[in-house]
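K.L.:
See structure.tsv below, with TSV, C-alpha atoms and all ligand atoms.
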chain	number	residue	atom	x	y	z
G	27	MET	CA	95.57	53.13	-32.71
G	28	ARG	CA	94.90	49.38	-32.85
G	29	ARG	CA	93.53	48.10	-36.09
G	30	PRO	CA	90.89	45.38	-36.16
G	31	ALA	CA	92.50	41.98	-36.79
G	32	ILE	CA	90.32	41.34	-39.83
G	33	LEU	CA	91.83	44.36	-41.63
G	34	CYS	CA	95.34	43.06	-40.99
G	35	LEU	CA	94.36	39.66	-42.43
G	36	ALA	CA	93.00	41.27	-45.62
G	37	VAL	CA	96.09	43.46	-46.03
G	38	CYS	CA	98.51	40.59	-45.40
G	39	ALA	CA	96.67	38.38	-47.93
G	40	ALA	CA	96.68	41.14	-50.56
G	41	ALA	CA	100.36	41.79	-49.96
G	42	SER	CA	101.30	38.14	-50.60
G	43	GLY	CA	99.28	38.16	-53.84
G	44	SER	CA	97.17	35.12	-52.87
G	45	PRO	CA	94.04	34.73	-50.81
G	46	ALA	CA	94.69	33.83	-47.17
G	47	THR	CA	93.40	30.29	-47.77
G	48	VAL	CA	96.21	29.34	-50.22
G	49	PRO	CA	99.23	27.54	-48.67
G	50	PRO	CA	102.57	29.36	-48.91
G	51	GLY	CA	104.71	28.81	-52.01
G	52	TYR	CA	101.79	28.35	-54.40
G	53	ALA	CA	100.98	30.45	-57.51
G	54	LEU	CA	97.75	30.42	-59.52
G	55	THR	CA	97.95	28.43	-62.78
G	56	TRP	CA	94.32	28.30	-63.89
G	57	ALA	CA	90.94	29.40	-62.60
G	58	ASP	CA	87.33	29.81	-63.61
G	59	GLU	CA	85.66	32.49	-61.51
G	60	PHE	CA	82.27	31.80	-63.18
G	61	GLU	CA	81.94	35.45	-64.15
G	62	ALA	CA	81.21	34.76	-67.87
G	63	PRO	CA	77.54	34.64	-68.89
G	64	ALA	CA	77.65	30.92	-69.73
G	65	VAL	CA	79.61	27.71	-69.04
G	66	ASP	CA	82.93	27.73	-70.93
G	67	THR	CA	82.58	24.44	-72.80
G	68	ASN	CA	86.20	24.66	-73.98
G	69	GLU	CA	87.14	24.02	-70.36
G	70	TRP	CA	84.25	22.02	-68.92
G	71	THR	CA	82.30	18.84	-69.67
G	72	HIS	CA	78.81	18.48	-68.23
G	73	ARG	CA	78.02	15.55	-65.98
G	74	THR	CA	75.03	14.04	-67.75
G	75	GLY	CA	73.22	10.77	-68.12
G	76	LYS	CA	72.02	8.19	-65.68
G	77	ILE	CA	73.84	8.94	-62.42
G	78	ARG	CA	71.57	6.76	-60.31
G	79	PRO	CA	68.51	4.82	-61.48
G	80	PHE	CA	66.48	7.72	-60.11
G	81	CYS	CA	68.79	10.64	-60.92
G	82	ILE	CA	69.49	11.86	-64.46
G	83	GLY	CA	72.17	14.53	-64.97
G	84	LYS	CA	71.36	17.22	-67.55
G	85	ALA	CA	73.37	20.20	-68.84
G	86	GLU	CA	70.29	22.39	-68.44
G	87	TYR	CA	70.41	21.91	-64.66
G	88	VAL	CA	73.70	23.89	-64.60
G	89	SER	CA	73.66	27.68	-64.93
G	90	ILE	CA	75.94	30.65	-64.33
G	91	GLY	CA	74.72	33.82	-62.64
G	92	ASP	CA	75.77	36.36	-60.02
G	93	GLY	CA	79.38	35.19	-60.36
G	94	ALA	CA	78.67	31.58	-59.42
G	95	MET	CA	77.94	28.23	-61.08
G	96	LYS	CA	74.74	26.64	-59.85
G	97	VAL	CA	73.66	23.02	-60.02
G	98	LEU	CA	69.90	22.98	-59.72
G	99	CYS	CA	68.45	20.93	-56.88
G	100	ALA	CA	64.81	20.38	-57.78
G	101	ARG	CA	62.45	17.69	-58.93
G	102	ASP	CA	61.92	17.10	-62.64
G	103	GLY	CA	58.59	15.31	-62.77
G	104	ASP	CA	58.90	12.38	-60.40
G	105	LEU	CA	62.71	12.46	-60.15
G	106	PRO	CA	65.34	14.60	-58.41
G	107	THR	CA	67.73	16.54	-60.68
G	108	GLY	CA	71.51	16.16	-60.91
G	109	GLY	CA	74.57	17.31	-62.79
G	110	GLY	CA	77.63	19.47	-62.58
G	111	LEU	CA	80.85	20.32	-64.37
G	112	ILE	CA	84.04	18.31	-64.95
G	113	THR	CA	87.30	19.99	-65.96
G	114	LYS	CA	88.57	19.01	-69.42
G	115	ARG	CA	92.08	19.76	-68.17
G	116	ARG	CA	93.85	16.99	-66.35
G	117	HIS	CA	95.65	17.94	-63.18
G	118	ARG	CA	98.20	16.18	-61.00
G	119	HIS	CA	99.97	17.86	-58.13
G	120	GLY	CA	99.06	21.29	-56.76
G	121	TYR	CA	96.58	23.08	-54.58
G	122	PHE	CA	92.93	23.15	-55.69
G	123	GLU	CA	90.19	25.22	-54.15
G	124	THR	CA	86.53	26.08	-54.48
G	125	ARG	CA	84.17	28.28	-52.50
G	126	ALA	CA	80.78	26.66	-52.27
G	127	LYS	CA	77.40	26.82	-50.64
G	128	MET	CA	75.40	23.63	-50.20
G	129	ASP	CA	71.82	23.26	-51.32
G	130	GLY	CA	71.15	21.54	-48.00
G	131	GLY	CA	68.13	19.61	-49.20
G	132	PRO	CA	67.93	16.09	-47.74
G	133	GLY	CA	68.95	13.45	-50.28
G	134	PHE	CA	71.16	15.74	-52.40
G	135	HIS	CA	74.91	15.11	-52.51
G	136	GLU	CA	77.12	18.13	-53.25
G	137	SER	CA	80.82	17.55	-53.87
G	138	MET	CA	84.21	18.52	-55.22
G	139	TRP	CA	86.19	15.42	-56.12
G	140	THR	CA	88.69	14.01	-58.57
G	141	THR	CA	88.56	11.09	-60.93
G	142	TRP	CA	88.77	10.28	-64.60
G	143	LEU	CA	86.15	11.09	-67.25
G	144	GLY	CA	84.48	7.69	-67.76
G	145	SER	CA	81.19	6.88	-66.13
G	146	MET	CA	80.79	4.69	-63.07
G	147	GLU	CA	79.04	2.11	-65.25
G	148	ALA	CA	82.04	1.95	-67.59
G	149	PHE	CA	84.37	1.63	-64.63
G	150	ALA	CA	82.44	-1.39	-63.41
G	151	ASP	CA	82.42	-3.03	-66.85
G	152	PRO	CA	85.80	-4.27	-68.13
G	153	ALA	CA	84.21	-4.81	-71.58
G	154	GLN	CA	84.13	-1.03	-72.00
G	155	GLY	CA	87.82	-0.95	-72.76
G	156	GLY	CA	88.53	2.77	-73.08
G	157	ALA	CA	87.13	3.83	-69.77
G	158	TRP	CA	88.52	0.71	-68.12
G	159	ARG	CA	92.03	1.55	-69.29
G	160	GLU	CA	91.52	5.01	-67.88
G	161	ARG	CA	90.45	3.74	-64.49
G	162	PRO	CA	91.89	5.86	-61.72
G	163	LYS	CA	94.26	4.50	-59.15
G	164	ILE	CA	93.11	6.97	-56.51
G	165	GLU	CA	90.18	9.29	-56.00
G	166	ILE	CA	90.52	12.45	-53.90
G	167	ASP	CA	87.33	13.72	-52.29
G	168	CYS	CA	87.85	17.36	-51.28
G	169	PHE	CA	84.37	17.44	-49.82
G	170	GLU	CA	81.29	15.28	-50.11
G	171	HIS	CA	78.13	16.53	-48.48
G	172	TYR	CA	76.05	13.37	-48.66
G	173	GLY	CA	72.28	13.33	-48.83
G	174	THR	CA	72.24	11.89	-45.32
G	175	HIS	CA	74.61	14.51	-43.86
G	176	GLY	CA	73.40	17.27	-41.61
G	177	PRO	CA	74.04	20.93	-42.51
G	178	ARG	CA	77.17	21.10	-40.33
G	179	GLU	CA	79.23	18.15	-41.58
G	180	PHE	CA	80.89	16.79	-44.69
G	181	SER	CA	83.15	13.85	-45.51
G	182	TYR	CA	86.48	13.95	-47.34
G	183	GLY	CA	89.51	11.75	-47.97
G	184	ILE	CA	91.22	9.39	-50.38
G	185	ILE	CA	90.08	6.10	-51.91
G	186	GLU	CA	92.44	3.68	-53.64
G	187	TRP	CA	90.60	1.95	-56.51
G	188	PHE	CA	93.39	0.09	-58.26
G	189	PRO	CA	95.14	-2.24	-57.62
G	190	ALA	CA	93.40	-2.30	-54.25
G	191	LYS	CA	89.93	-1.10	-53.41
G	192	GLY	CA	89.46	0.66	-50.13
G	193	GLY	CA	89.46	3.91	-48.21
G	194	VAL	CA	93.02	5.12	-47.62
G	195	SER	CA	91.91	7.78	-45.21
G	196	ARG	CA	88.35	9.01	-45.01
G	197	ASP	CA	86.78	11.08	-42.33
G	198	LEU	CA	83.82	13.24	-41.39
G	199	HIS	CA	84.47	16.89	-40.59
G	200	ALA	CA	82.06	18.55	-38.20
G	201	THR	CA	81.84	22.33	-38.01
G	202	SER	CA	79.75	24.88	-36.13
G	203	ASP	CA	78.89	26.54	-39.47
G	204	ASP	CA	75.73	25.84	-41.45
G	205	LEU	CA	77.21	24.87	-44.84
G	206	ALA	CA	73.94	25.63	-46.66
G	207	ARG	CA	73.58	29.12	-45.19
G	208	ASP	CA	76.93	30.65	-46.25
G	209	PHE	CA	79.78	30.07	-48.67
G	210	HIS	CA	82.83	28.22	-47.31
G	211	VAL	CA	86.23	27.48	-48.81
G	212	TYR	CA	87.21	23.85	-49.50
G	213	GLY	CA	90.72	23.00	-50.69
G	214	PHE	CA	93.18	20.16	-51.03
G	215	GLU	CA	96.93	20.14	-51.59
G	216	PHE	CA	98.05	16.99	-53.41
G	217	GLN	CA	101.77	16.26	-53.65
G	218	PRO	CA	103.76	13.05	-54.26
G	219	ASP	CA	104.36	12.46	-50.54
G	220	TYR	CA	101.31	13.90	-48.78
G	221	CYS	CA	97.81	15.25	-49.27
G	222	ASN	CA	96.43	18.04	-47.10
G	223	PHE	CA	92.74	18.85	-46.72
G	224	PHE	CA	91.62	22.38	-45.83
G	225	PHE	CA	88.35	23.95	-44.72
G	226	ASP	CA	88.17	27.76	-44.72
G	227	GLY	CA	91.96	27.85	-45.02
G	228	LYS	CA	92.50	25.66	-41.94
G	229	LEU	CA	94.32	22.36	-42.29
G	230	ILE	CA	92.02	19.55	-41.17
G	231	ARG	CA	94.11	16.49	-42.10
G	232	THR	CA	97.41	15.37	-43.63
G	233	VAL	CA	97.42	11.96	-45.36
G	234	ASP	CA	100.61	9.99	-46.10
G	235	MET	CA	100.76	9.42	-49.88
G	236	ARG	CA	104.13	7.66	-49.96
G	237	GLY	CA	103.88	4.29	-51.66
G	238	LEU	CA	100.41	4.96	-53.03
G	239	PRO	CA	99.72	4.89	-56.76
G	240	GLN	CA	99.05	8.32	-58.25
G	241	ASN	CA	97.35	9.49	-61.40
G	242	ASP	CA	96.27	12.58	-63.31
G	243	PHE	CA	92.67	13.55	-62.69
G	244	HIS	CA	89.80	15.73	-63.76
G	245	ILE	CA	88.10	17.82	-61.08
G	246	TRP	CA	84.37	17.36	-60.63
G	247	LEU	CA	82.06	20.03	-59.14
G	248	THR	CA	78.82	18.14	-58.95
G	249	CYS	CA	75.52	17.71	-57.22
G	250	ILE	CA	73.44	14.58	-57.55
G	251	ALA	CA	70.64	12.92	-55.64
G	252	THR	CA	71.58	9.91	-53.53
G	253	ASP	CA	67.97	9.31	-52.55
G	254	ARG	CA	64.96	8.96	-54.84
G	255	ASN	CA	62.97	11.10	-52.41
G	256	ALA	CA	65.54	13.95	-52.29
G	257	ARG	CA	63.89	17.28	-51.51
G	258	PRO	CA	65.33	20.63	-52.64
G	259	GLY	CA	66.76	22.98	-50.01
G	260	ASN	CA	67.99	26.36	-51.30
G	261	GLY	CA	67.18	25.41	-54.91
G	262	GLY	CA	70.76	24.69	-55.85
G	263	CYS	CA	74.38	24.11	-54.92
G	264	LEU	CA	76.56	27.17	-55.71
G	265	PHE	CA	80.26	27.15	-56.66
G	266	ASP	CA	81.89	30.60	-56.67
G	267	TYR	CA	85.06	29.47	-58.49
G	268	LEU	CA	87.59	26.72	-59.10
G	269	ARG	CA	91.22	27.81	-58.65
G	270	CYS	CA	94.28	25.69	-59.37
G	271	TYR	CA	97.77	26.44	-58.08
G	272	ALA	CA	101.25	25.00	-58.53
G	273	ILE	CA	104.00	25.09	-55.92
G	274	ASP	CA	107.34	26.78	-56.49
G	275	PRO	CA	109.71	23.75	-56.75
G	276	ALA	CA	112.12	25.52	-54.38
G	277	ALA	CA	109.39	25.71	-51.70
G	278	TYR	CA	108.36	22.06	-51.92
G	279	PRO	CA	111.14	20.20	-50.04
G	280	GLY	CA	110.78	22.31	-46.89
G	281	ARG	CA	107.03	21.99	-46.90
G	282	ARG	CA	107.15	18.23	-47.59
G	283	ASP	CA	109.65	17.57	-44.79
G	284	ALA	CA	107.45	19.37	-42.25
G	285	PHE	CA	104.44	17.19	-43.11
G	286	ILE	CA	106.42	13.95	-43.26
G	287	ARG	CA	107.83	14.71	-39.79
G	288	GLU	CA	104.30	15.28	-38.54
G	289	ILE	CA	102.99	12.03	-40.10
G	290	GLU	CA	105.85	10.06	-38.55
G	291	ALA	CA	105.47	11.69	-35.14
G	292	ARG	CA	101.79	10.71	-35.17
G	293	GLN	CA	102.68	7.04	-35.69
G	294	GLY	CA	104.95	7.04	-32.64
G	295	PRO	CA	108.28	5.24	-32.38
G	296	THR	CA	108.55	1.55	-33.23
G	297	PRO	CA	108.65	-0.27	-29.86
G	298	LYS	CA	111.96	-1.86	-29.03
G	299	SER	CA	112.40	-5.08	-27.07
G	300	ARG	CA	115.49	-6.00	-25.00
G	301	GLY	CA	116.37	-8.66	-27.59
G	302	THR	CA	116.71	-8.94	-31.36
G	303	ASP	CA	113.64	-7.94	-33.36
G	304	VAL	CA	112.68	-8.72	-36.96
G	305	TRP	CA	109.70	-6.68	-38.16
G	306	ILE	CA	107.92	-7.65	-41.41
G	307	GLU	CA	105.05	-5.73	-43.02
G	308	ALA	CA	102.57	-8.19	-44.56
G	309	GLU	CA	102.05	-5.98	-47.62
G	310	ALA	CA	105.82	-6.10	-48.28
G	311	PHE	CA	105.83	-9.92	-48.75
G	312	SER	CA	107.53	-10.82	-52.04
G	313	GLU	CA	104.62	-13.05	-53.15
G	314	LEU	CA	101.08	-12.16	-52.10
G	315	GLY	CA	99.34	-15.32	-53.45
G	316	THR	CA	95.59	-14.75	-53.26
G	317	TRP	CA	96.03	-11.92	-50.74
G	318	THR	CA	95.76	-8.28	-51.89
G	319	ALA	CA	97.63	-5.29	-50.52
G	320	ALA	CA	95.10	-2.69	-49.41
G	321	TRP	CA	94.52	0.21	-47.11
G	322	ASP	CA	92.31	-0.99	-44.33
G	323	ASN	CA	90.86	1.60	-41.96
G	324	GLY	CA	94.01	3.74	-42.17
G	325	THR	CA	96.46	0.81	-42.03
G	326	ARG	CA	98.41	-0.63	-44.93
G	327	ALA	CA	97.72	-4.37	-44.77
G	328	ILE	CA	96.82	-7.44	-46.84
G	329	ARG	CA	93.32	-8.73	-47.35
G	330	GLY	CA	92.31	-12.35	-47.88
G	331	LEU	CA	89.66	-13.89	-50.10
G	332	GLU	CA	86.07	-12.70	-49.96
G	333	PRO	CA	83.38	-15.31	-50.60
G	334	GLY	CA	81.48	-14.72	-53.84
G	335	LYS	CA	77.68	-14.73	-53.61
G	336	GLY	CA	76.46	-18.31	-53.89
G	337	LYS	CA	79.89	-19.57	-54.96
G	338	ALA	CA	82.17	-22.13	-53.35
G	339	PRO	CA	85.15	-20.37	-51.74
G	340	ALA	CA	88.11	-19.95	-54.07
G	341	LYS	CA	91.33	-21.86	-53.44
G	342	ALA	CA	93.68	-19.78	-51.28
G	343	ILE	CA	97.37	-19.35	-52.08
G	344	ALA	CA	99.60	-18.31	-49.18
G	345	ALA	CA	101.56	-15.05	-49.13
G	346	LYS	CA	105.27	-15.85	-48.93
G	347	THR	CA	108.46	-14.00	-48.18
G	348	THR	CA	112.01	-14.64	-47.02
G	349	ALA	CA	113.17	-12.90	-43.83
G	350	GLN	CA	116.75	-12.57	-42.61
G	351	ILE	CA	117.39	-13.81	-39.07
G	352	PRO	CA	120.41	-11.90	-37.72
G	353	GLU	CA	121.40	-14.50	-35.09
G	354	ARG	CA	120.48	-18.02	-33.97
G	355	GLY	CA	117.94	-18.13	-31.16
G	356	LYS	CA	114.45	-18.80	-29.84
G	357	TYR	CA	112.10	-16.26	-31.40
G	358	ARG	CA	108.59	-15.45	-30.33
G	359	LEU	CA	106.17	-14.74	-33.19
G	360	TRP	CA	103.66	-11.88	-32.92
G	361	VAL	CA	101.05	-11.21	-35.62
G	362	ARG	CA	98.85	-8.12	-36.00
G	363	GLY	CA	95.49	-8.97	-37.60
G	364	ARG	CA	92.10	-7.33	-37.78
G	365	ASP	CA	88.91	-8.50	-36.05
G	366	PHE	CA	85.48	-7.09	-35.24
G	367	ALA	CA	83.92	-7.15	-31.77
G	368	GLY	CA	80.31	-7.29	-32.87
G	369	ASP	CA	80.18	-8.38	-36.52
G	370	HIS	CA	81.12	-12.08	-36.89
G	371	PRO	CA	84.01	-11.92	-34.38
G	372	ALA	CA	86.84	-14.43	-34.83
G	373	ALA	CA	85.52	-15.48	-38.25
G	374	ARG	CA	88.23	-13.77	-40.37
G	375	PHE	CA	91.09	-16.00	-39.25
G	376	PHE	CA	94.40	-16.93	-40.83
G	377	SER	CA	97.55	-18.89	-39.97
G	378	VAL	CA	101.26	-18.15	-40.15
G	379	ALA	CA	104.11	-20.58	-40.81
G	380	VAL	CA	107.76	-19.84	-40.04
G	381	GLY	CA	110.38	-22.05	-41.73
G	382	GLY	CA	107.66	-24.50	-42.79
G	383	LYS	CA	106.31	-24.91	-39.22
G	384	ARG	CA	102.82	-23.62	-38.67
G	385	SER	CA	101.97	-21.66	-35.53
G	386	THR	CA	99.16	-23.27	-33.53
G	387	ALA	CA	97.59	-19.81	-33.03
G	388	ARG	CA	94.66	-18.70	-35.14
G	389	PHE	CA	95.16	-14.99	-35.96
G	390	GLY	CA	92.50	-12.33	-36.54
G	391	THR	CA	90.53	-13.78	-33.60
G	392	HIS	CA	91.25	-11.26	-30.80
G	393	ARG	CA	87.59	-10.10	-30.78
G	394	LYS	CA	88.53	-6.41	-30.54
G	395	ASP	CA	87.52	-3.81	-33.14
G	396	GLY	CA	90.44	-3.03	-35.41
G	397	PHE	CA	93.98	-4.37	-35.68
G	398	ALA	CA	95.59	-6.00	-32.61
G	399	TRP	CA	98.59	-8.21	-31.85
G	400	GLN	CA	98.35	-11.93	-31.05
G	401	ASP	CA	101.04	-14.19	-29.67
G	402	GLY	CA	102.03	-16.97	-32.11
G	403	GLY	CA	104.36	-19.02	-29.88
G	404	SER	CA	108.09	-19.77	-30.16
G	405	PHE	CA	110.33	-20.93	-33.03
G	406	ASP	CA	113.96	-22.06	-32.89
G	407	LEU	CA	115.63	-20.30	-35.79
G	408	GLU	CA	119.11	-20.45	-37.30
G	409	LYS	CA	120.96	-17.40	-38.49
G	410	GLY	CA	120.15	-16.66	-42.17
G	411	SER	CA	117.09	-16.88	-44.40
G	412	VAL	CA	113.75	-18.19	-43.24
G	413	VAL	CA	110.56	-18.48	-45.29
G	414	ILE	CA	107.43	-16.99	-43.73
G	415	GLU	CA	103.94	-17.74	-45.01
G	416	ILE	CA	100.56	-16.18	-44.25
G	417	ILE	CA	97.83	-18.72	-44.95
G	418	ASP	CA	94.26	-17.66	-45.62
G	419	THR	CA	92.54	-20.46	-43.71
G	420	SER	CA	89.12	-18.80	-43.32
G	421	ARG	CA	88.91	-17.39	-46.87
G	422	PHE	CA	86.56	-14.89	-45.26
G	423	TYR	CA	87.81	-11.26	-45.30
G	424	ALA	CA	90.98	-11.99	-43.26
G	425	ARG	CA	93.38	-9.04	-42.80
G	426	CYS	CA	96.99	-9.02	-41.68
G	427	ASP	CA	99.07	-5.89	-41.03
G	428	LYS	CA	102.50	-7.07	-39.84
G	429	LEU	CA	104.56	-9.67	-38.00
G	430	LEU	CA	107.31	-9.56	-35.42
G	431	LEU	CA	109.88	-12.18	-34.48
G	432	THR	CA	111.65	-11.30	-31.23
G	433	THR	CA	114.14	-13.08	-28.97
G	434	ASP	CA	112.72	-11.16	-25.97
G	435	ALA	CA	110.16	-13.69	-24.66
G	436	GLY	CA	108.60	-11.13	-22.32
G	437	PHE	CA	108.10	-8.44	-24.94
G	438	ASP	CA	104.60	-7.43	-26.04
G	439	PRO	CA	104.58	-5.17	-29.13
G	440	ALA	CA	101.21	-3.70	-28.05
G	441	GLY	CA	102.99	-2.19	-25.05
G	442	PRO	CA	102.45	-2.63	-21.32
L	1	CA	CA	82.81	33.78	-58.78
L	2	CA	CA	101.27	-3.15	-42.65
Starting from the coordinates I provided, produce the structure as structure tokens.
Ligand SMILES: [Ca+2]
Ligand SMILES: [Ca+2]

P.N.:
Amino acid sequence: MRRPAILCLAVCAAASGSPATVPPGYALTWADEFEAPAVDTNEWTHRTGKIRPFCIGKAEYVSIGDGAMKVLCARDGDLPTGGGLITKRRHRHGYFETRAKMDGGPGFHESMWTTWLGSMEAFADPAQGGAWRERPKIEIDCFEHYGTHGPREFSYGIIEWFPAKGGVSRDLHATSDDLARDFHVYGFEFQPDYCNFFFDGKLIRTVDMRGLPQNDFHIWLTCIATDRNARPGNGGCLFDYLRCYAIDPAAYPGRRDAFIREIEARQGPTPKSRGTDVWIEAEAFSELGTWTAAWDNGTRAIRGLEPGKGKAPAKAIAAKTTAQIPERGKYRLWVRGRDFAGDHPAARFFSVAVGGKRSTARFGTHRKDGFAWQDGGSFDLEKGSVVIEIIDTSRFYARCDKLLLTTDAGFDPAGP
């Protein structure tokens, strides 16, 4: 007799000792199932205070009942409510999971995310030393159901706050499920080399974490209003549990290698010319000057000066590095910079100098959306060291990803 597939799934999960949503090799280290009659304040801090000018977080908006933690979504007088719980424990690497049901009311923002314990105001204010010293390098957003999101979508991803500020990899996940009608499982697996995001036990994205700063974090299960006019949906956002798992160290290398292979396969092979190629990542320059290394729309790059409001542009200092030229020859310079087709195209320009000679090309002016290669002309180079400079001539949000010097005059790194 054939058994229904669902029964097999339940039996298999029970046999392995972990729910079917947990990646292989992981064992539970800590959990709160929210079965106790009240919030365990030995383990949790309430998110309170002024979250937005129009949204005050209060402990009394959080309650436990029917095996779940609820953050009330309502209006308190003229203002929408907000709050949630923050783990007192700090976590680092592992697998972290909740099962949650959105309130679904427009203007409310339900989320599971990681950061430190200080407030956003303290983060923005260097004078508040303690919180400033505790600033996070990265934030992991397991799910964020923004006030503007529909019932069948949520955003997730990683933001690097320090030393750079920018989205490492952020995306919107669309599903056929109504997230406010039923509970769904949201999880992330954070390890030194990769971060995986899961929805209902299915992997939705792997992010390359190599070379990124990493930090311990507290986990936040919160719901706030992102709109003064937020209207309640189901009356609250429900969290069934928070579960934390650690991987068996013996299981990690195999799992890591599989994801690193996948990340590298996605990037495709580095194109190869018929000549001699010297590739240089801009963010790997030995001196960055007034440029900053940053993730930019999924690409590791450098970012130029940004004009301050009402201020004269700051003086730009070129990024500088020394490259090794393997043999004497005529090299063509290619530079990959970012531009925007519709929003001030060709305004974020920069120059490049090779061996003290400046290319006549203005880079970051290709008028396409995103990063693209531009031809920088030819340079006669001797074997040995050559100094390369990236000069922030526009001082207006310029971005440079990488450079190529090639002796193959007919080669185009963007491909045919
Ligand atoms: Ca529960
Ligand atoms: Ca780069």

K.L.:
Residues at most 9 Å from Lys428 (chain G), counting only C-alpha atoms, excluding those fewer than 3 positions away in the same chain, as a VMD selection string?

P.N.:
chain G and resid 305 to 309 327 360 to 363 399

K.L.:
Kindly indicate which residue among G:Glu170, G:Asp208, G:Asp365, G:Asp427 lies nearest to ligand CA 2 (chain L), using only C-alpha atoms and all ligand atoms for the distances.

P.N.:
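Counting only C-alpha atoms and all ligand atoms, the residue closest to ligand CA 2 (chain L) is G:Asp427.
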
K.L.:
Name all residues at most 8 Å from region 274-283 of chain G (count only C-alpha atoms; drop same-chain ones fewer than 6 positions away) and give them as a PDB file with C-alpha atoms, keeping the file's coordinate frame.

P.N.:
ATOM      1  CA  GLY G  51     104.710  28.810 -52.010  1.00  0.00           C
ATOM      2  CA  TYR G  52     101.790  28.350 -54.400  1.00  0.00           C
ATOM      3  CA  ALA G  53     100.980  30.450 -57.510  1.00  0.00           C
ATOM      4  CA  ASP G 219     104.360  12.460 -50.540  1.00  0.00           C
ATOM      5  CA  TYR G 220     101.310  13.900 -48.780  1.00  0.00           C
TER       6      TYR G 220
END

K.L.:
Return as a PyMOL selection string the residues of protein, DNA or RNA that approach ligand CA 1 (chain L) to within 7 Å, with all atoms listed in the file taken into account.

P.N.:
chain G and resi 59-61+93-94+266-267

K.L.:
Find the residue from G:Pro49, G:Gly237, G:Gly261, G:Gly402 that sits nearest to ligand CA 2 (chain L); use all atoms listed in the file when measuring.

P.N.:
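Smallest separation from ligand CA 2 (chain L) among the options: G:Gly237.
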
K.L.:
Using only C-alpha atoms and all ligand atoms, pick whichever of G:Tyr357, G:Trp321, G:Phe223, G:Phe169 has the shortest atom-to-atom distance to ligand CA 2 (chain L).

P.N.:
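That would be G:Trp321, the residue with the smallest distance to ligand CA 2 (chain L).
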
K.L.:
For Phe243 (chain G), which residue out of G:Gln350, G:Trp187, G:Glu288, G:Arg118 is the nearest one, using all atoms listed in the file?

P.N.:
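Once distances to Phe243 (chain G) are computed over all atoms listed in the file, the minimum belongs to G:Arg118.
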
K.L.:
Which polymer residues, protein or nucleic acid, are no farther than 9 Å from (67.8, 16.3, -48.3), counting only C-alpha atoms, as a list in words?

P.N.:
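Nearby residues: Asp129, Gly130, Gly131, Pro132, Gly133, Phe134, His135, Tyr172, Gly173, Thr174, His175, Gly176, Ala251, Asp253, Asn255, Ala256, Arg257, Pro258 and Gly259 of chain G.
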
K.L.:
Check the smallest atom-to-atom distance from each of G:Phe311, G:Leu331, G:Tyr423, G:Phe376 to ligand CA 2 (chain L) using only C-alpha atoms and all ligand atoms, then report the winner.

P.N.:
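Distance minimum relative to ligand CA 2 (chain L) lands on G:Phe311.
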
K.L.:
Quick one: pull the distance between CA of Pro45 (chain G) and CA of Phe209 (chain G), Å, one decimal.

P.N.:
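Separating CA of Pro45 (chain G) from CA of Phe209 (chain G) is a distance of 15.2 Å.
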
K.L.:
Quick check, in Å to one decimal: how far apart do CA of Arg254 (chain G) and CA of Gly75 (chain G) lie?

P.N.:
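Separating CA of Arg254 (chain G) from CA of Gly75 (chain G) is a distance of 15.7 Å.
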
K.L.:
For ligand CA 2 (chain L), which of G:Thr74, G:Thr325, G:Thr348, G:Ser137 is the closest residue, counting only C-alpha atoms and all ligand atoms?

P.N.:
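Between G:Thr74, G:Thr325, G:Thr348, G:Ser137, the residue approaching ligand CA 2 (chain L) most closely is G:Thr325.
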
K.L.:
Interatomic distance between CA of Ile343 (chain G) and CA of Ile328 (chain G)?

P.N.:
13.0 Å

K.L.:
Please provide as a list in words all residues within 12 Å of Glu290 (chain G), with the sequence filter that same-chain residues fewer than 3 positions apart are discarded (counting all atoms listed in the file).

P.N.:
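The contact residues come out as Tyr220, Thr232, Val233, Asp234, Arg236, Asp283, Ala284, Phe285, Ile286, Arg287, Gln293, Gly294, Pro295 and Thr296 of chain G.
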
K.L.:
For region 299-301 of chain G, work out the shell of residues within 12 Å, counting all atoms listed in the file and skipping chain neighbours fewer than 6 positions away, then give it as a PyMOL selection string.

P.N.:
chain G and resi 352-353+355-358+430-442

K.L.:
Env of Gly330 (chain G): 9 Å cut, atoms = only C-alpha atoms, seq-sep filter 6 positions within chain, self excluded. Answer as a list in words.

P.N.:
Thr316, Trp317, Thr318, Ala342, Arg374, Phe376, Ile417, Asp418, Ser420, Arg421, Phe422, Tyr423, Ala424, Arg425 and Cys426 of chain G

K.L.:
So which residues fall inside 9 Å of (95.0, 21.0, -56.6) if we count only C-alpha atoms? Mind giving them as number ranges by chain?

P.N.:
G: 117-123, 213-217, 245, 269-272

K.L.:
Could you turn the residues from that selection into a file that holds C-alpha atoms, as a short mmCIF file (atom, residue, chain, number, x, y, z; two decimals), keeping the file's coordinate frame?

P.N.:
data_model
loop_
_atom_site.label_atom_id
_atom_site.label_comp_id
_atom_site.auth_asym_id
_atom_site.auth_seq_id
_atom_site.Cartn_x
_atom_site.Cartn_y
_atom_site.Cartn_z
CA HIS G 117 95.65 17.94 -63.18
CA ARG G 118 98.20 16.18 -61.00
CA HIS G 119 99.97 17.86 -58.13
CA GLY G 120 99.06 21.29 -56.76
CA TYR G 121 96.58 23.08 -54.58
CA PHE G 122 92.93 23.15 -55.69
CA GLU G 123 90.19 25.22 -54.15
CA GLY G 213 90.72 23.00 -50.69
CA PHE G 214 93.18 20.16 -51.03
CA GLU G 215 96.93 20.14 -51.59
CA PHE G 216 98.05 16.99 -53.41
CA GLN G 217 101.77 16.26 -53.65
CA ILE G 245 88.10 17.82 -61.08
CA ARG G 269 91.22 27.81 -58.65
CA CYS G 270 94.28 25.69 -59.37
CA TYR G 271 97.77 26.44 -58.08
CA ALA G 272 101.25 25.00 -58.53
#
